[in-house]
>>> print(open('model.txt').read())   # compact mmCIF, C-alpha atoms
# COMPACT_ATOMS: atom_id res chain seq x y z
CA MET N 67 -105.77 -59.96 -250.06
CA SER N 68 -106.86 -56.64 -248.64
CA LEU N 69 -104.37 -54.99 -246.33
CA VAL N 70 -106.53 -52.00 -245.57
CA THR N 71 -106.94 -51.83 -241.82
CA THR N 72 -109.47 -49.83 -239.91
CA PRO N 73 -109.96 -48.96 -236.27
CA VAL N 74 -112.00 -51.68 -234.67
CA GLY N 75 -115.05 -51.31 -232.47
CA LEU N 76 -115.67 -47.60 -232.96
CA ASP N 77 -118.55 -47.72 -235.43
CA SER N 78 -121.29 -48.95 -233.20
CA ALA N 79 -123.81 -46.45 -234.53
CA PRO N 80 -126.73 -48.12 -236.28
CA PRO N 81 -127.42 -47.05 -239.85
CA PRO N 82 -130.18 -44.49 -240.30
CA GLY N 83 -133.59 -46.08 -240.29
CA ALA N 84 -132.37 -49.22 -238.59
CA PRO N 85 -134.73 -50.64 -236.00
CA ALA N 86 -134.15 -49.56 -232.45
CA GLU N 87 -132.15 -52.01 -230.40
CA SER N 88 -134.57 -52.16 -227.54
CA GLY N 89 -137.09 -54.93 -227.84
CA THR N 90 -135.07 -56.98 -230.31
CA SER N 91 -133.95 -60.37 -229.14
CA THR N 92 -130.24 -61.00 -229.42
CA SER N 93 -130.70 -64.35 -231.12
CA ALA N 94 -132.70 -62.79 -233.95
CA ARG N 95 -130.14 -60.07 -234.62
CA PRO N 96 -127.77 -60.24 -237.55
CA PRO N 97 -124.11 -60.65 -236.54
CA ALA N 98 -123.22 -57.02 -237.37
CA GLU N 99 -125.94 -55.72 -235.09
CA THR N 100 -124.89 -58.06 -232.28
CA GLY N 101 -121.33 -56.77 -232.64
CA ARG N 102 -122.57 -53.18 -232.49
CA SER N 103 -124.59 -53.76 -229.33
CA ARG N 104 -121.63 -55.55 -227.76
CA SER N 105 -119.30 -52.62 -228.47
CA ALA N 106 -121.98 -50.24 -227.14
CA LEU N 107 -122.10 -52.28 -223.95
CA VAL N 108 -118.31 -52.18 -223.64
CA LEU N 109 -118.38 -48.41 -224.11
CA ARG N 110 -121.04 -48.01 -221.41
CA LEU N 111 -118.89 -50.13 -219.13
CA VAL N 112 -115.84 -47.97 -219.89
CA GLY N 113 -117.90 -44.85 -219.17
CA ALA N 114 -119.21 -46.24 -215.88
CA VAL N 115 -115.77 -47.42 -214.70
CA ALA N 116 -114.24 -44.06 -215.69
CA LEU N 117 -116.92 -42.19 -213.75
CA VAL N 118 -116.46 -44.35 -210.65
CA GLY N 119 -112.68 -43.98 -210.96
CA VAL N 120 -112.83 -40.19 -211.20
CA VAL N 121 -115.23 -39.95 -208.24
CA ALA N 122 -112.94 -42.23 -206.20
CA THR N 123 -109.91 -40.14 -207.21
CA VAL N 124 -111.64 -36.96 -206.05
CA TRP N 125 -112.67 -38.57 -202.77
CA LEU N 126 -109.21 -40.01 -202.08
CA GLY N 127 -107.41 -36.93 -203.35
CA LEU N 128 -109.40 -34.38 -201.38
CA TRP N 129 -110.30 -36.20 -198.16
CA VAL N 130 -108.32 -39.40 -197.61
CA THR N 131 -104.70 -38.77 -198.60
CA PRO N 132 -102.47 -36.81 -196.21
CA PRO N 133 -101.02 -33.38 -197.01
CA ASP N 134 -97.49 -33.31 -198.38
CA GLN N 135 -94.65 -32.31 -196.04
CA PHE N 136 -93.50 -29.55 -198.42
CA MET N 137 -96.55 -28.60 -200.47
CA GLY N 138 -99.21 -29.11 -197.83
CA ASN N 139 -102.72 -29.37 -199.26
CA LEU N 140 -101.59 -28.14 -202.67
CA VAL N 141 -100.36 -31.65 -203.37
CA ARG N 142 -104.01 -32.59 -203.88
CA LEU N 143 -103.93 -30.80 -207.23
CA LEU N 144 -101.29 -33.27 -208.32
CA TYR N 145 -103.86 -36.07 -208.36
CA LEU N 146 -105.44 -34.16 -211.23
CA HIS N 147 -102.82 -32.22 -213.18
CA PRO N 148 -100.25 -34.94 -214.10
CA SER N 149 -102.92 -37.42 -215.21
CA ILE N 150 -104.56 -34.80 -217.40
CA ALA N 151 -101.15 -34.02 -218.91
CA TRP N 152 -100.57 -37.75 -219.43
CA VAL N 153 -103.84 -38.05 -221.38
CA MET N 154 -102.77 -35.08 -223.49
CA TYR N 155 -99.65 -37.01 -224.56
CA VAL N 156 -101.65 -40.18 -225.19
CA ALA N 157 -104.18 -38.28 -227.32
CA TYR N 158 -101.50 -36.71 -229.49
CA GLY N 159 -99.70 -40.05 -229.74
CA VAL N 160 -102.88 -41.69 -231.03
CA ALA N 161 -103.40 -38.82 -233.49
CA PHE N 162 -99.81 -39.20 -234.69
CA LEU N 163 -100.08 -42.96 -235.21
CA SER N 164 -103.47 -42.65 -236.93
CA SER N 165 -102.11 -40.00 -239.26
CA LEU N 166 -99.13 -42.20 -240.10
CA LEU N 167 -101.45 -45.11 -240.82
CA TYR N 168 -103.54 -42.89 -243.05
CA LEU N 169 -100.51 -41.70 -245.00
CA TRP N 170 -99.09 -45.20 -245.43
CA PRO N 171 -100.70 -46.45 -248.67
CA ARG N 172 -101.25 -50.02 -247.44
CA THR N 173 -103.31 -48.94 -244.45
CA ARG N 174 -104.96 -45.86 -245.92
CA SER N 175 -108.52 -45.44 -244.73
CA LEU N 176 -110.57 -42.36 -243.89
CA ARG N 177 -111.30 -43.98 -240.53
CA TRP N 178 -107.72 -43.29 -239.47
CA ASP N 179 -108.24 -39.68 -240.43
CA LYS N 180 -111.40 -39.48 -238.32
CA LEU N 181 -109.61 -41.14 -235.41
CA ALA N 182 -106.75 -38.63 -235.67
CA GLY N 183 -109.23 -35.74 -235.73
CA ALA N 184 -111.19 -37.08 -232.77
CA SER N 185 -108.08 -37.75 -230.70
CA SER N 186 -106.63 -34.32 -231.46
CA GLU N 187 -109.80 -32.54 -230.40
CA VAL N 188 -109.91 -34.44 -227.11
CA GLY N 189 -106.17 -33.74 -226.77
CA VAL N 190 -106.75 -30.01 -227.18
CA VAL N 191 -109.33 -30.08 -224.37
CA PHE N 192 -106.85 -31.89 -222.12
CA THR N 193 -104.03 -29.51 -223.11
CA GLY N 194 -106.17 -26.54 -222.13
CA LEU N 195 -106.89 -28.21 -218.82
CA THR N 196 -103.21 -29.04 -218.30
CA LEU N 197 -102.36 -25.36 -218.72
CA VAL N 198 -105.19 -24.15 -216.46
CA THR N 199 -104.70 -26.67 -213.64
CA GLY N 200 -100.93 -26.16 -213.82
CA SER N 201 -101.44 -22.43 -213.59
CA ILE N 202 -103.72 -22.82 -210.56
CA TRP N 203 -101.05 -24.95 -208.90
CA GLY N 204 -98.24 -22.58 -209.96
CA ARG N 205 -99.75 -19.42 -208.48
CA PRO N 206 -99.39 -20.43 -204.79
CA THR N 207 -96.27 -22.56 -205.43
CA TRP N 208 -94.18 -20.28 -207.66
CA GLY N 209 -95.99 -17.02 -206.97
CA ALA N 210 -97.03 -16.53 -210.59
CA TRP N 211 -99.93 -17.70 -212.76
CA TRP N 212 -97.63 -18.00 -215.73
CA THR N 213 -93.92 -18.08 -216.41
CA TRP N 214 -92.04 -18.63 -219.67
CA ASP N 215 -90.61 -21.88 -218.43
CA PRO N 216 -89.61 -24.34 -221.21
CA LEU N 217 -92.30 -26.89 -220.28
CA LEU N 218 -95.07 -24.32 -219.98
CA THR N 219 -94.05 -22.61 -223.20
CA THR N 220 -93.84 -25.81 -225.22
CA THR N 221 -97.20 -26.94 -223.78
CA ALA N 222 -98.78 -23.64 -224.81
CA LEU N 223 -97.20 -24.10 -228.24
CA LEU N 224 -98.70 -27.60 -228.38
CA PHE N 225 -102.12 -26.12 -227.66
CA VAL N 226 -101.77 -23.59 -230.48
CA LEU N 227 -100.34 -26.16 -232.92
CA TYR N 228 -103.24 -28.56 -232.44
CA LEU N 229 -105.78 -25.74 -232.60
CA GLY N 230 -104.18 -25.01 -235.96
CA TYR N 231 -104.51 -28.67 -236.87
CA LEU N 232 -108.23 -28.57 -236.03
CA ALA N 233 -108.55 -25.43 -238.18
CA VAL N 234 -106.82 -27.22 -241.07
CA ARG N 235 -109.35 -30.02 -240.77
CA ARG N 236 -112.16 -27.52 -241.34
CA ILE N 237 -110.79 -26.21 -244.63
CA PRO N 238 -113.30 -27.38 -247.23
CA GLY N 239 -112.21 -29.76 -249.94
CA ASP N 240 -112.29 -33.30 -251.20
CA SER N 241 -112.25 -35.73 -248.26
CA GLU N 242 -109.08 -37.50 -249.44
CA VAL N 243 -107.20 -34.25 -250.00
CA ARG N 244 -108.40 -32.89 -246.67
CA ALA N 245 -107.38 -36.08 -244.88
CA ARG N 246 -103.90 -36.04 -246.43
CA ARG N 247 -103.43 -32.38 -245.59
CA SER N 248 -104.60 -32.97 -242.00
CA ALA N 249 -102.37 -36.02 -241.56
CA ILE N 250 -99.30 -34.03 -242.62
CA ALA N 251 -100.31 -31.20 -240.25
CA ALA N 252 -100.67 -33.74 -237.40
CA LEU N 253 -97.17 -35.11 -238.05
CA ILE N 254 -95.72 -31.58 -238.01
CA ALA N 255 -97.56 -30.67 -234.81
CA PHE N 256 -96.36 -33.86 -233.09
CA VAL N 257 -92.73 -32.71 -233.34
CA ASP N 258 -93.42 -30.52 -230.30
CA VAL N 259 -94.62 -33.44 -228.14
CA PRO N 260 -91.19 -34.99 -227.32
CA ILE N 261 -89.71 -31.50 -226.97
CA CYS N 262 -92.43 -30.70 -224.45
CA TYR N 263 -91.99 -33.95 -222.53
CA PHE N 264 -88.20 -33.82 -222.31
CA SER N 265 -87.91 -30.05 -221.86
CA VAL N 266 -87.63 -30.45 -218.06
CA LEU N 267 -84.58 -32.67 -218.59
CA TRP N 268 -82.97 -30.79 -221.47
CA TRP N 269 -83.18 -27.25 -220.11
CA ARG N 270 -83.03 -25.58 -216.73
CA SER N 271 -86.67 -25.47 -215.76
CA LEU N 272 -88.77 -24.11 -212.94
CA HIS N 273 -91.10 -27.05 -213.42
CA GLN N 274 -89.99 -30.14 -211.59
CA ALA N 275 -88.60 -33.13 -213.51
CA PRO N 276 -90.47 -36.48 -213.35
CA SER N 277 -90.47 -37.06 -209.61
CA VAL N 278 -92.70 -40.04 -208.86
CA ASP N 279 -89.93 -42.54 -209.28
CA ASP N 280 -86.33 -42.75 -210.34
CA PRO N 281 -85.86 -45.86 -212.47
CA VAL N 282 -82.11 -45.29 -212.78
CA ASN N 283 -81.54 -45.52 -209.03
CA GLY N 284 -84.53 -47.78 -208.39
CA LYS N 285 -86.17 -45.33 -205.99
CA THR N 286 -89.82 -44.37 -205.57
CA TYR N 287 -90.58 -41.00 -204.04
CA ILE N 288 -94.29 -41.45 -203.44
CA HIS N 289 -95.84 -44.03 -201.18
CA GLY N 290 -99.00 -45.48 -199.72
CA SER N 291 -102.36 -43.87 -200.33
CA MET N 292 -100.76 -41.03 -202.31
CA ALA N 293 -99.22 -43.47 -204.82
CA TRP N 294 -102.44 -45.47 -205.21
CA THR N 295 -104.52 -42.34 -205.67
CA LEU N 296 -102.15 -41.08 -208.33
CA LEU N 297 -102.26 -44.44 -210.11
CA LEU N 298 -106.06 -44.52 -209.94
CA SER N 299 -106.15 -41.02 -211.35
CA PHE N 300 -104.00 -42.01 -214.34
CA VAL N 301 -106.19 -45.04 -215.09
CA SER N 302 -109.47 -43.15 -214.64
CA PHE N 303 -108.54 -40.23 -216.86
CA THR N 304 -107.24 -42.60 -219.52
CA LEU N 305 -110.66 -44.29 -219.51
CA VAL N 306 -112.34 -40.88 -219.70
CA TYR N 307 -110.19 -40.21 -222.76
CA VAL N 308 -111.25 -43.50 -224.39
CA TRP N 309 -114.92 -42.73 -223.75
CA LEU N 310 -114.65 -39.20 -225.16
CA LEU N 311 -112.61 -40.42 -228.12
CA VAL N 312 -115.20 -42.97 -229.19
CA HIS N 313 -118.03 -40.45 -228.91
CA ARG N 314 -116.13 -37.83 -230.89
CA TYR N 315 -115.20 -40.41 -233.51
CA ARG N 316 -118.85 -41.40 -233.92
CA LEU N 317 -119.82 -37.77 -234.27
CA PHE N 318 -117.43 -37.48 -237.21
CA GLY N 319 -119.14 -40.49 -238.80
CA LEU N 320 -122.62 -39.07 -238.25
CA ALA N 321 -121.62 -35.67 -239.66
CA GLU N 322 -120.17 -37.40 -242.70
CA ARG N 323 -123.40 -39.34 -243.18
CA GLU N 324 -125.47 -36.19 -242.80
CA GLU N 325 -123.32 -34.48 -245.39
CA GLY N 326 -123.78 -37.44 -247.75
CA GLU N 327 -127.54 -37.52 -247.26
CA GLY N 328 -127.79 -33.77 -247.81
CA LEU N 329 -125.88 -34.12 -251.05
CA ALA N 330 -128.05 -37.03 -252.22
CA LEU N 331 -131.18 -35.03 -251.42
CA ALA N 332 -129.91 -32.02 -253.34
CA ILE N 333 -129.13 -34.20 -256.38
CA GLU N 334 -132.59 -35.77 -256.16
CA GLU N 335 -134.25 -32.32 -256.03
CA ARG N 336 -132.24 -31.13 -259.02
CA ARG N 337 -133.25 -34.23 -260.95
CA ALA N 338 -136.90 -33.72 -260.06
CA GLU N 339 -136.68 -30.09 -261.15
CA SER N 340 -135.22 -31.08 -264.51
CA GLN N 341 -138.03 -33.59 -265.09
CA VAL N 342 -140.81 -30.99 -264.65
CA PRO N 343 -142.11 -30.19 -268.17
CA SER N 344 -141.50 -26.58 -269.04
CA ARG N 345 -144.58 -24.56 -270.14
CA MET Y 231 -109.03 -26.68 -197.40
CA ASN Y 232 -107.42 -24.44 -200.02
CA GLY Y 233 -109.19 -22.23 -202.55
CA TYR Y 234 -106.69 -23.15 -205.27
CA VAL Y 235 -107.26 -26.86 -204.84
CA GLU Y 236 -111.05 -26.61 -205.05
CA SER Y 237 -110.94 -24.31 -208.06
CA GLY Y 238 -108.55 -26.68 -209.82
CA TYR Y 239 -110.92 -29.59 -209.35
CA VAL Y 240 -114.00 -27.55 -210.30
CA VAL Y 241 -112.39 -26.21 -213.49
CA GLY Y 242 -110.88 -29.56 -214.49
CA LEU Y 243 -113.83 -31.81 -213.85
CA GLY Y 244 -116.42 -29.20 -214.84
CA THR Y 245 -114.81 -28.68 -218.24
CA LEU Y 246 -114.60 -32.41 -218.90
CA ALA Y 247 -118.23 -32.91 -217.86
CA ALA Y 248 -119.37 -30.03 -220.10
CA TYR Y 249 -117.41 -31.42 -223.04
CA ALA Y 250 -118.83 -34.92 -222.49
CA VAL Y 251 -122.41 -33.61 -222.32
CA THR Y 252 -121.86 -31.53 -225.48
CA LEU Y 253 -120.56 -34.56 -227.36
CA VAL Y 254 -123.50 -36.73 -226.32
CA ALA Y 255 -126.03 -33.99 -227.14
CA ARG Y 256 -124.49 -33.40 -230.57
CA GLU Y 257 -124.44 -37.14 -231.23
CA ARG Y 258 -128.11 -37.48 -230.28
CA GLY Y 259 -129.03 -34.47 -232.42
CA ALA Y 260 -127.22 -35.90 -235.43
CA ARG Y 261 -128.81 -39.31 -234.92
CA ARG Y 262 -132.26 -37.73 -234.65
CA ARG Y 263 -131.75 -35.82 -237.88
CA LEU Y 264 -130.65 -38.96 -239.68
CA THR Y 265 -133.34 -41.33 -238.41
CA PRO Y 266 -136.83 -40.98 -239.94
CA THR Y 267 -138.92 -39.95 -236.96
CA GLU Y 268 -142.52 -39.47 -236.02
CA ASP Y 269 -142.45 -35.80 -237.04
CA SER Y 270 -141.39 -36.50 -240.61
CA ARG Y 271 -144.14 -39.09 -241.03
CA VAL Y 272 -146.92 -36.93 -239.59
CA ASP Y 273 -146.27 -34.48 -242.42
CA SER Y 274 -147.88 -36.83 -244.96
CA PRO Y 275 -151.68 -36.60 -244.45
CA GLU Y 276 -152.55 -40.09 -245.74
CA ASP Y 277 -150.48 -41.75 -243.05
CA GLY Y 278 -152.52 -40.27 -240.25
CA PRO Y 279 -151.09 -39.94 -236.79
CA ALA Y 280 -148.02 -42.08 -236.61
CA PRO Y 281 -147.45 -44.38 -233.66
CA ALA Y 282 -144.84 -43.21 -231.22
CA ALA Y 283 -141.56 -44.47 -232.60
CA PRO Y 284 -139.19 -45.81 -229.97
CA VAL Y 285 -136.37 -43.36 -229.49
CA SER Y 286 -133.22 -45.29 -230.11
CA ASP Y 287 -131.14 -45.67 -227.04
CA GLU Y 288 -127.80 -43.97 -227.65
CA PRO Y 289 -125.10 -46.57 -227.31
CA GLY Y 290 -122.56 -45.63 -224.74
CA SER Y 291 -124.20 -42.43 -223.57
CA PRO Y 292 -124.01 -41.66 -219.86
CA ALA Y 293 -127.79 -41.47 -219.70
CA ALA Y 294 -128.02 -44.93 -221.14
CA ALA Y 295 -125.31 -46.14 -218.84
CA SER Y 296 -127.08 -44.80 -215.80
CA SER Y 297 -130.47 -46.20 -216.79
>>> encode(input="model.txt", output="structure tokens")
Amino acid sequence: MSLVTTPVGLDSAPPPGAPAESGTSTSARPPAETGRSRSALVLRLVGAVALVGVVATVWLGLWVTPPDQFMGNLVRLLYLHPSIAWVMYVAYGVAFLSSLLYLWPRTRSLRWDKLAGASSEVGVVFTGLTLVTGSIWGRPTWGAWWTWDPLLTTTALLFVLYLGYLAVRRIPGDSEVRARRSAIAALIAFVDVPICYFSVLWWRSLHQAPSVDDPVNGKTYIHGSMAWTLLLSFVSFTLVYVWLLVHRYRLFGLAEREEGEGLALAIEERRAESQVPSR
Amino acid sequence: MNGYVESGYVVGLGTLAAYAVTLVARERGARRRLTPTEDSRVDSPEDGPAPAAPVSDEPGSPAAASS
């Protein structure tokens, strides 16, 4: 019994030379192709819902919700910044789990490695945006673009660590060796994630602690349209992450296939050269 | 409203949009390189002009989603 597991629903790319999907009746398609077109449809749906969600968040965040009693209009940036930071944590969590699954012998598959790579790259983009949007919010609120606050510092460290991880992925070598090396690097980099998240609770920080709700005392500090907009923002950006993740994952697969085809072509050329009779 | 707010939204959403477009463009480029296309067939003279091959619709791309 095979225990090797692989991420499901990500490989919807047709093989090279496969007939185009348009103009083919569903009933005549083989099951694999039907599955691929179904996952492509789901991805399009995710993309469309994410786009609508982000547009609605912008509309609600900029024009519908009221200004905050303390922050005024600056609160509108908080419909963007926390959800981007949330996606950053999700992306690194997925990369961590995928790397673990790659390293565990019973679930080892290069697909987990590709998933970890894709999620980390998307995570790096979201980390950069977390730092930039936070900085834009911090300038009028704290009076400084940057401060060596524990949360800001550990987030910047996270950005550098995962850039390093992406650099490690580019070191040439055998795919298995490269995947193992990358998985270990991802596990090391992930150590900073809980430190970053809990830094506002562990140390005295300029950055506010989680302030949407207080589960210990059963209180919620945000209400009405502001709460719904924030929730919509979290859902929309999570869907944006999923959409980006699947596209980046596919790109890894296509690059791998291109590499394989290039190698096969080179071998073929060398063979042809060796068969030419020498004069 | 507030210059900081607008710039935050422009930077955030603009970067994400640029990244998404880059991913889709790279994916299409890779797919085009992998799929035997009209250009590669025109190179062989005995084939003659090849019929226009249908460009495969990229699954999940925003262009496809909007069409």
>>> closest_atom_pairs(input="model.txt", of="chain N", to="chain Y", cutoff="7 Å", atoms="only C-alpha atoms", output="tab-separated table")
residue	atom	partner	partner_atom	distance
N:Pro82	CA	Y:Thr265	CA	4.9
N:Gly83	CA	Y:Thr265	CA	5.1
N:Ala86	CA	Y:Ser286	CA	5.0
N:Glu87	CA	Y:Ser286	CA	6.8
N:Ala106	CA	Y:Pro289	CA	4.8
N:Leu107	CA	Y:Gly290	CA	6.7
N:Leu109	CA	Y:Gly290	CA	5.1
N:Arg110	CA	Y:Gly290	CA	4.4
N:Gly113	CA	Y:Pro292	CA	6.9
N:Ala114	CA	Y:Ala295	CA	6.8
N:Asn139	CA	Y:Asn232	CA	6.9
N:Leu140	CA	Y:Val235	CA	6.2
N:Arg142	CA	Y:Val235	CA	6.7
N:Leu143	CA	Y:Val235	CA	5.7
N:Leu195	CA	Y:Gly242	CA	6.0
N:Thr199	CA	Y:Gly238	CA	5.4
N:Ile202	CA	Y:Tyr234	CA	6.1
N:Trp203	CA	Y:Tyr234	CA	6.9
N:Leu310	CA	Y:Ala250	CA	6.6
N:His313	CA	Y:Leu253	CA	6.6
N:Arg314	CA	Y:Leu253	CA	6.5
N:Leu317	CA	Y:Glu257	CA	5.6
N:Leu320	CA	Y:Ala260	CA	6.3
N:Glu324	CA	Y:Leu264	CA	6.7
>>> residues_near_point(input="model.txt", point="(-105.0, -38.2, -227.9)", cutoff="12 Å", atoms="only C-alpha atoms", output="NGL selection string")
:N and (150-165 or 181-193 or 228 or 252 or 256 or 259 or 303-312 or 314-315)
>>> atom_distance(input="model.txt", atom1="CA of Arg244 in chain N", atom2="CA of Thr196 in chain N")
29.1 Å
>>> atom_distance(input="model.txt", atom1="CA of Pro133 in chain N", atom2="CA of Ala247 in chain Y")
27.0 Å
>>> atom_distance(input="model.txt", atom1="CA of Pro171 in chain N", atom2="CA of Val234 in chain N")
21.6 Å
